[in-house]
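Next comes structure-v3.txt, with compact mmCIF, C-alpha atoms.
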```
# COMPACT_ATOMS: atom_id res chain seq x y z
CA MET A 1 95.98 106.78 78.04
CA ALA A 2 97.39 107.99 74.75
CA GLY A 3 95.78 111.19 73.54
CA MET A 4 94.07 111.82 76.85
CA ILE A 5 94.71 113.74 80.02
CA ASP A 6 93.09 113.42 83.42
CA LEU A 7 92.20 116.36 85.64
CA THR A 8 91.76 115.27 89.24
CA PHE A 9 89.73 117.10 91.86
CA GLU A 10 89.11 116.37 95.50
CA ARG A 11 85.36 116.44 95.55
CA GLN A 12 82.78 114.24 97.24
CA GLY A 13 79.04 113.99 96.86
CA LEU A 14 78.82 113.78 93.09
CA ASN A 15 76.03 112.94 90.71
CA LEU A 16 78.37 111.50 88.11
CA ALA A 17 75.84 111.33 85.29
CA LEU A 18 74.84 114.94 85.86
CA LEU A 19 78.45 116.11 86.07
CA HIS A 20 79.13 114.30 82.81
CA GLU A 21 76.26 116.15 81.14
CA GLU A 22 77.39 119.48 82.54
CA LEU A 23 80.92 118.98 81.29
CA ALA A 24 79.80 117.65 77.92
CA ALA A 25 77.71 120.75 77.37
CA THR A 26 80.90 122.80 77.44
CA LEU A 27 83.48 120.38 76.08
CA GLY A 28 81.50 118.32 73.59
CA ALA A 29 83.49 115.42 72.16
CA LYS A 30 86.62 116.54 74.01
CA LEU A 31 85.11 115.00 77.13
CA VAL A 32 85.87 111.28 77.35
CA GLY A 33 84.16 110.77 80.68
CA VAL A 34 84.39 111.19 84.42
CA SER A 35 85.32 108.73 87.14
CA GLN A 36 84.99 108.80 90.88
CA ASP A 37 86.38 106.69 93.69
CA GLY A 38 84.45 108.10 96.65
CA ARG A 39 87.08 110.68 97.49
CA GLY A 40 87.67 112.57 94.31
CA VAL A 41 86.75 112.85 90.68
CA ARG A 42 88.86 112.40 87.57
CA VAL A 43 87.80 114.16 84.41
CA HIS A 44 89.07 112.38 81.31
CA LEU A 45 89.73 114.75 78.42
CA LEU A 46 91.28 114.63 75.00
CA ASP A 47 94.68 116.27 75.22
CA SER A 48 93.57 118.74 72.54
CA THR A 49 91.65 120.68 75.19
CA THR A 50 92.79 124.25 75.64
CA PRO A 51 93.88 125.85 78.93
CA ASP A 52 90.63 127.81 78.95
CA GLU A 53 88.63 124.60 78.60
CA ARG A 54 90.55 123.01 81.44
CA LYS A 55 89.86 126.04 83.57
CA ALA A 56 86.19 125.73 82.70
CA VAL A 57 86.28 122.10 83.87
CA ALA A 58 87.49 123.20 87.29
CA GLU A 59 84.72 125.76 87.52
CA ILE A 60 82.04 123.26 86.51
CA VAL A 61 83.26 120.71 89.06
CA ALA A 62 83.34 123.38 91.77
CA ARG A 63 79.77 124.54 91.20
CA HIS A 64 78.34 121.06 90.56
CA ASP A 65 75.17 120.51 92.58
CA ALA A 66 74.78 116.79 93.28
CA THR A 67 71.22 117.25 94.55
CA ARG A 68 69.98 117.92 91.01
CA PHE A 69 69.11 115.21 88.49
CA THR A 70 69.60 114.62 84.81
CA ALA A 71 66.50 114.44 82.65
CA ALA A 72 66.92 110.67 82.45
CA GLN A 73 67.26 110.39 86.21
CA GLN A 74 64.20 112.58 86.73
CA ALA A 75 62.22 110.47 84.29
CA GLU A 76 63.27 107.33 86.15
CA ARG A 77 62.25 108.85 89.48
CA GLU A 78 58.84 109.71 88.03
CA ARG A 79 58.48 106.21 86.56
CA ARG A 80 59.23 104.66 89.94
CA ALA A 81 56.79 107.02 91.66
CA VAL A 82 54.03 106.00 89.26
CA LEU A 83 54.84 102.35 89.81
CA GLU A 84 54.84 102.81 93.58
CA ALA A 85 51.44 104.46 93.44
CA LEU A 86 50.07 101.37 91.71
CA ARG A 87 51.03 99.10 94.59
CA LYS A 88 47.52 98.69 95.92
CA PRO A 89 44.74 96.12 95.67
CA TRP A 90 43.27 95.65 92.20
CA SER A 91 39.85 96.60 93.51
CA GLN A 92 41.15 100.09 94.16
CA TRP A 93 42.51 100.60 90.67
CA THR A 94 40.91 103.40 88.69
CA PRO A 95 40.81 103.77 84.92
CA ALA A 96 43.59 106.35 85.31
CA ASP A 97 45.73 103.80 87.17
CA LYS A 98 45.28 101.29 84.37
CA ASP A 99 46.16 103.94 81.84
CA ALA A 100 49.30 104.77 83.88
CA LEU A 101 50.35 101.12 83.90
CA LEU A 102 49.75 100.86 80.18
CA ARG A 103 51.97 103.86 79.64
CA LEU A 104 54.74 102.29 81.75
CA LEU A 105 54.56 99.03 79.83
CA ALA A 106 54.51 100.82 76.50
CA GLY A 107 57.58 102.76 77.58
CA GLU A 108 59.34 99.52 78.50
CA LEU A 109 58.63 98.26 74.99
CA GLY A 110 60.12 101.39 73.48
CA LEU A 111 56.80 102.74 72.26
CA ALA A 112 56.13 106.46 72.23
CA VAL A 113 53.83 107.33 75.13
CA SER A 114 53.91 111.13 75.26
CA MET B 1 113.11 84.17 96.99
CA ASN B 2 114.68 84.63 93.56
CA TRP B 3 114.95 81.97 90.90
CA THR B 4 118.46 81.05 89.76
CA THR B 5 119.00 79.32 86.45
CA PRO B 6 120.08 75.82 87.54
CA LYS B 7 123.70 75.05 86.91
CA THR B 8 124.79 72.15 84.72
CA TRP B 9 126.47 69.58 86.89
CA GLN B 10 129.65 67.89 85.72
CA VAL B 11 130.76 64.29 86.24
CA ASP B 12 132.80 63.95 89.42
CA GLU B 13 131.95 67.50 90.44
CA LEU B 14 131.99 68.08 94.18
CA LEU B 15 128.50 68.83 95.52
CA THR B 16 128.88 71.81 97.78
CA ALA B 17 126.37 73.04 100.29
CA ALA B 18 126.39 76.45 98.67
CA ASP B 19 125.50 75.07 95.25
CA LEU B 20 122.83 72.76 96.62
CA ASN B 21 121.30 75.59 98.61
CA THR B 22 121.33 77.95 95.65
CA HIS B 23 120.30 75.64 92.85
CA LEU B 24 118.11 73.15 94.67
CA ARG B 25 116.76 74.56 97.92
CA ASP B 26 116.35 78.15 96.83
CA ASN B 27 114.86 77.25 93.48
CA LEU B 28 112.37 74.89 95.09
CA ASN B 29 111.47 77.65 97.51
CA ALA B 30 111.07 80.05 94.60
CA LEU B 31 108.75 77.62 92.82
CA LYS B 32 106.78 77.07 96.01
CA ALA B 33 106.23 80.79 96.57
CA PRO B 34 106.30 82.56 93.21
CA PRO B 35 106.06 86.36 93.05
CA THR B 36 102.41 87.16 93.74
CA HIS B 37 100.38 90.25 94.41
CA ALA B 38 96.79 89.63 95.48
CA ILE B 39 94.68 92.73 96.02
CA TRP B 40 91.42 92.65 97.96
CA ARG B 41 90.34 96.23 97.48
CA ASP B 42 88.10 97.83 100.09
CA ASN B 43 87.60 101.33 98.75
CA GLY B 44 85.00 102.34 101.28
CA ALA B 45 82.75 103.25 98.37
CA ALA B 46 82.00 102.09 94.86
CA TYR B 47 84.05 103.22 91.90
CA SER B 48 82.09 104.79 89.05
CA THR B 49 82.84 106.00 85.57
CA THR B 50 81.21 107.43 82.48
CA SER B 51 84.39 107.16 80.44
CA THR B 52 83.90 105.73 76.97
CA ALA B 53 87.64 105.21 76.54
CA PHE B 54 89.75 102.91 78.67
CA VAL B 55 90.96 104.54 81.89
CA PRO B 56 92.44 103.11 85.10
CA VAL B 57 89.90 102.19 87.75
CA ASP B 58 92.33 103.15 90.52
CA SER B 59 95.96 103.70 89.60
CA ALA B 60 97.08 103.50 93.21
CA ASN B 61 95.08 100.60 94.57
CA LEU B 62 93.98 98.36 91.71
CA LYS B 63 97.45 97.92 90.28
CA ALA B 64 99.40 94.74 91.03
CA THR B 65 103.17 95.01 91.21
CA LEU B 66 105.52 92.03 90.85
CA THR B 67 109.27 91.62 90.70
CA THR B 68 109.53 88.66 88.36
CA ASN B 69 112.30 86.31 87.35
CA GLY B 70 111.53 86.67 83.65
CA GLY B 71 108.68 84.19 83.51
CA ASP B 72 105.09 84.48 82.30
CA VAL B 73 102.54 86.14 84.55
CA LEU B 74 98.91 85.21 85.11
CA VAL B 75 96.57 88.10 85.87
CA TRP B 76 92.92 87.86 86.82
CA PHE B 77 90.24 90.08 88.24
CA TRP B 78 86.92 89.55 89.96
CA GLY B 79 84.38 92.25 90.71
CA VAL B 80 80.70 93.09 91.01
CA PHE B 81 79.42 95.82 88.70
CA HIS B 82 76.17 97.61 88.10
CA GLY B 83 74.94 100.12 85.57
CA ASP B 84 72.59 103.05 86.00
CA GLN B 85 70.35 101.29 83.46
CA VAL B 86 69.94 97.71 82.35
CA GLY B 87 71.95 96.98 79.25
CA ARG B 88 75.01 99.10 79.96
CA ARG B 89 78.22 97.41 78.95
CA VAL B 90 81.45 97.42 80.90
CA SER B 91 84.72 96.69 79.12
CA LEU B 92 87.87 95.61 80.94
CA ASP B 93 91.52 95.44 79.99
CA ILE B 94 94.95 95.32 81.61
CA ARG B 95 97.73 97.86 81.27
CA VAL B 96 101.20 96.44 81.72
CA ASP B 97 104.00 98.70 83.01
CA GLY B 98 101.93 101.82 82.46
CA GLU B 99 101.84 101.49 78.68
CA GLY B 100 98.91 100.83 76.36
CA ARG B 101 96.69 97.86 77.09
CA LEU B 102 96.88 94.13 76.46
CA ALA B 103 94.04 93.92 73.94
CA ALA B 104 94.91 97.13 72.14
CA ALA B 105 93.74 95.66 68.83
CA TYR B 106 90.23 95.17 70.22
CA ASN B 107 87.95 98.12 70.92
CA GLY B 108 86.08 96.02 73.46
CA GLY B 109 89.24 95.23 75.41
CA LEU B 110 89.91 91.81 76.87
CA LEU B 111 86.26 91.51 77.88
CA THR B 112 83.00 93.35 77.36
CA HIS B 113 80.06 92.38 79.52
CA ARG B 114 76.45 93.49 79.25
CA LEU B 115 75.03 94.30 82.67
CA SER B 116 71.55 92.85 82.93
CA THR B 117 70.61 94.39 86.27
CA THR B 118 71.06 97.71 88.03
CA ILE B 119 71.87 96.01 91.33
CA GLY B 120 75.11 94.17 90.73
CA GLU B 121 76.52 91.20 88.94
CA GLU B 122 79.80 89.41 88.99
CA VAL B 123 82.29 89.92 86.19
CA VAL B 124 85.43 87.81 85.98
CA LEU B 125 88.38 88.71 83.78
CA GLY B 126 90.92 86.07 83.01
CA PRO B 127 93.12 84.50 84.02
CA VAL B 128 95.21 86.04 81.26
CA LEU B 129 98.71 84.72 80.57
CA ILE B 130 101.16 87.51 79.84
CA SER B 131 104.39 86.44 78.17
CA GLY B 132 107.58 88.12 77.09
CA LEU B 133 108.27 90.04 80.25
CA SER B 134 111.87 90.60 81.26
CA ALA B 135 113.05 89.87 84.78
CA GLY B 136 112.34 92.80 87.08
CA GLU B 137 109.47 94.88 88.39
CA HIS B 138 106.23 94.95 86.43
CA THR B 139 102.84 96.51 87.05
CA PHE B 140 99.41 95.21 85.99
CA GLU B 141 96.67 97.79 86.18
CA LEU B 142 92.93 97.31 85.70
CA LEU B 143 91.34 99.50 83.01
CA TRP B 144 87.65 99.97 82.30
CA LYS B 145 85.23 101.87 80.16
CA ALA B 146 81.46 102.22 79.85
CA SER B 147 79.41 101.80 76.69
CA ASP B 148 77.35 104.78 77.83
CA GLY B 149 75.75 106.04 81.00
CA THR B 150 77.38 105.29 84.33
CA ILE B 151 78.80 101.99 85.50
CA SER B 152 80.01 101.21 89.00
CA LEU B 153 82.32 98.67 90.59
CA HIS B 154 81.51 97.63 94.15
CA ALA B 155 84.45 97.65 96.58
CA ASP B 156 83.22 98.36 100.06
CA SER B 157 83.23 96.45 103.34
CA ASP B 158 80.71 98.81 104.89
CA ALA B 159 77.94 99.21 102.35
CA VAL B 160 74.30 99.76 103.22
CA ASN B 161 73.22 96.55 101.50
CA ASP B 162 74.95 93.21 101.98
CA TYR B 163 74.86 92.54 98.25
CA ASP B 164 76.95 95.69 97.71
CA GLU B 165 79.45 94.70 100.36
CA VAL B 166 82.13 92.91 98.36
CA PRO B 167 85.75 93.57 97.51
CA ALA B 168 87.24 94.10 94.09
CA MET B 169 89.98 91.55 93.58
CA LEU B 170 93.02 91.75 91.31
CA VAL B 171 95.71 89.08 91.35
CA ALA B 172 98.98 88.72 89.48
CA ARG B 173 101.31 85.73 89.85
CA GLU B 174 104.43 84.66 88.01
CA VAL B 175 103.86 81.13 86.79
CA SER B 176 107.00 80.09 84.99
```
Would you mind writing the file out in structure tokens?
Amino acid sequence: MAGMIDLTFERQGLNLALLHEELAATLGAKLVGVSQDGRGVRVHLLDSTTPDERKAVAEIVARHDATRFTAAQQAERERRAVLEALRKPWSQWTPADKDALLRLLAGELGLAVS
Amino acid sequence: MNWTTPKTWQVDELLTAADLNTHLRDNLNALKAPPTHAIWRDNGAAYSTTSTAFVPVDSANLKATLTTNGGDVLVWFWGVFHGDQVGRRVSLDIRVDGEGRLAAAYNGGLLTHRLSTTIGEEVVLGPVLISGLSAGEHTFELLWKASDGTISLHADSDAVNDYDEVPAMLVAREVS
């Protein structure tokens, strides 16, 4: 697209959200996004990126570790774990369980729970 | 079969087999089977993007190519999308002949849809009537962007879950 370039890499096993964060940390607003099709990844950049920045993109893609999570993904994993732990008969619920559920519900409503 | 502008017949003109075949038979055949490109894309995996500007979903495989006779073209797309969180928005547009996009005056493209689940929901674009194309080869390419986060388009005949196992479909057909 106008004003943009794509850098394409053959790379499988991506955590796209994490790769986006890793690239954004270096490129800031010059990163438009990343796309994957199961075989490779395209990094969408503003065409104002410098050769050094493009080289940095290649390095970030190469060292990307798809087994790690973003903070949002980690929080979601923890939320699901809490929810899973609550799948038990009501008679077994402790005050701590009820407090955990209340925190989940408050979070869903956008209320601060930390 | 190409369309030929029908000739104007004159009084007392001899009807020849060649003219009838060209202007009647061939044109009826052309109307019966207009230039069409229907793509059922099995990518073997979902497509995903975090791009907040319009980019092609797949420049090689989700791009319809037609050799038209100068008529209008209908383009439509059907796919199942999901977001990494509820409330992500996917925007879709069409790029014709590798330039710009149809709804360039609209930041949301031809369509912006809010995804209300993280599992998958159907999004249909069009049909969109594209006019003003000259006779010849034209391409119609699906573009997308995400509001934020990650959005995915299912296109896999061998997914783990049946509800993920659907093609992405892009169709272009000359209609006049």
Each residue of chain B lying at most 12 Å from chain A should get a row with its shortest atom-to-atom pair and the distance in Å to one decimal, counting all atoms listed in the file; could you produce that, ordered by chain and increasing number, as a tab-separated table?
```
residue	atom	partner	partner_atom	distance
B:Arg41	CA	A:Asp37	CA	11.8
B:Asp42	CA	A:Asp37	CA	11.1
B:Asn43	CA	A:Asp37	CA	7.5
B:Gly44	CA	A:Gly38	CA	7.4
B:Ala45	CA	A:Gly38	CA	5.4
B:Ala46	CA	A:Asp37	CA	6.5
B:Tyr47	CA	A:Asp37	CA	4.5
B:Ser48	CA	A:Gln36	CA	5.3
B:Thr49	CA	A:Ser35	CA	4.0
B:Thr50	CA	A:Gly33	CA	4.8
B:Ser51	CA	A:Gly33	CA	3.6
B:Thr52	CA	A:Val32	CA	5.9
B:Ala53	CA	A:Val32	CA	6.4
B:Phe54	CA	A:Met1	CA	7.4
B:Val55	CA	A:Met1	CA	6.7
B:Pro56	CA	A:Met1	CA	8.7
B:Val57	CA	A:Ser35	CA	8.0
B:Asp58	CA	A:Asp37	CA	7.6
B:Ser59	CA	A:Asp37	CA	10.8
B:Ala60	CA	A:Asp37	CA	11.2
B:Asn61	CA	A:Asp37	CA	10.7
B:Leu62	CA	A:Asp37	CA	11.4
B:Gly83	CA	A:Ala17	CA	11.2
B:Asp84	CA	A:Ala17	CA	8.9
B:Gln85	CA	A:Glu76	CA	9.7
B:Val86	CA	A:Glu108	CA	11.4
B:Arg95	CA	A:Met1	CA	9.6
B:Gly98	CA	A:Met1	CA	8.9
B:Glu99	CA	A:Met1	CA	7.9
B:Gly100	CA	A:Met1	CA	6.8
B:Arg101	CA	A:Met1	CA	9.0
B:Ala104	CA	A:Met1	CA	11.4
B:Leu143	CA	A:Met1	CA	10.0
B:Trp144	CA	A:Ser35	CA	10.3
B:Lys145	CA	A:Gly33	CA	9.0
B:Ala146	CA	A:Gly33	CA	9.0
B:Ser147	CA	A:Gly33	CA	10.9
B:Asp148	CA	A:Gly33	CA	9.5
B:Gly149	CA	A:Ala17	CA	6.8
B:Thr150	CA	A:Ala17	CA	6.3
B:Ile151	CA	A:Ser35	CA	9.5
B:Ser152	CA	A:Gln36	CA	9.3
B:Leu153	CA	A:Asp37	CA	9.5
B:His154	CA	A:Asp37	CA	10.3
B:Ala155	CA	A:Asp37	CA	9.7
B:Asp156	CA	A:Gly38	CA	10.4
```
Practice item. Please work out which residues fall within 8 Å of (99.6, 95.6, 84.4), coordinates as given in the file, with all atoms listed in the file counting, and return them as a list in words. Key: Lys63, Ala64, Thr65, Ile94, Arg95, Val96, Asp97, Gly98, His138, Thr139, Phe140, Glu141 and Leu142 of chain B
Could you dump the residues just selected with C-alpha atoms as a PDB file, in the frame of the given file?
```pdb
ATOM      1  CA  LYS B  63      97.450  97.920  90.280  1.00  0.00           C
ATOM      2  CA  ALA B  64      99.400  94.740  91.030  1.00  0.00           C
ATOM      3  CA  THR B  65     103.170  95.010  91.210  1.00  0.00           C
ATOM      4  CA  ILE B  94      94.950  95.320  81.610  1.00  0.00           C
ATOM      5  CA  ARG B  95      97.730  97.860  81.270  1.00  0.00           C
ATOM      6  CA  VAL B  96     101.200  96.440  81.720  1.00  0.00           C
ATOM      7  CA  ASP B  97     104.000  98.700  83.010  1.00  0.00           C
ATOM      8  CA  GLY B  98     101.930 101.820  82.460  1.00  0.00           C
ATOM      9  CA  HIS B 138     106.230  94.950  86.430  1.00  0.00           C
ATOM     10  CA  THR B 139     102.840  96.510  87.050  1.00  0.00           C
ATOM     11  CA  PHE B 140      99.410  95.210  85.990  1.00  0.00           C
ATOM     12  CA  GLU B 141      96.670  97.790  86.180  1.00  0.00           C
ATOM     13  CA  LEU B 142      92.930  97.310  85.700  1.00  0.00           C
TER      14      LEU B 142
END
```
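Between Asn27 in chain B and the candidates B:Leu133, B:Trp3, B:Trp40, B:Gln10, the tightest atom-to-atom separation, counting all atoms listed in the file, involves B:Trp3.
Going from CA of Ala168 in chain B to CA of Gly109 in chain B covers 18.8 Å.
You will find CA of Gly110 in chain A at 28.1 Å from CA of Asn107 in chain B.
Taking CA of Leu109 in chain A and CA of Glu21 in chain A as the two end points, the separation is 25.9 Å.
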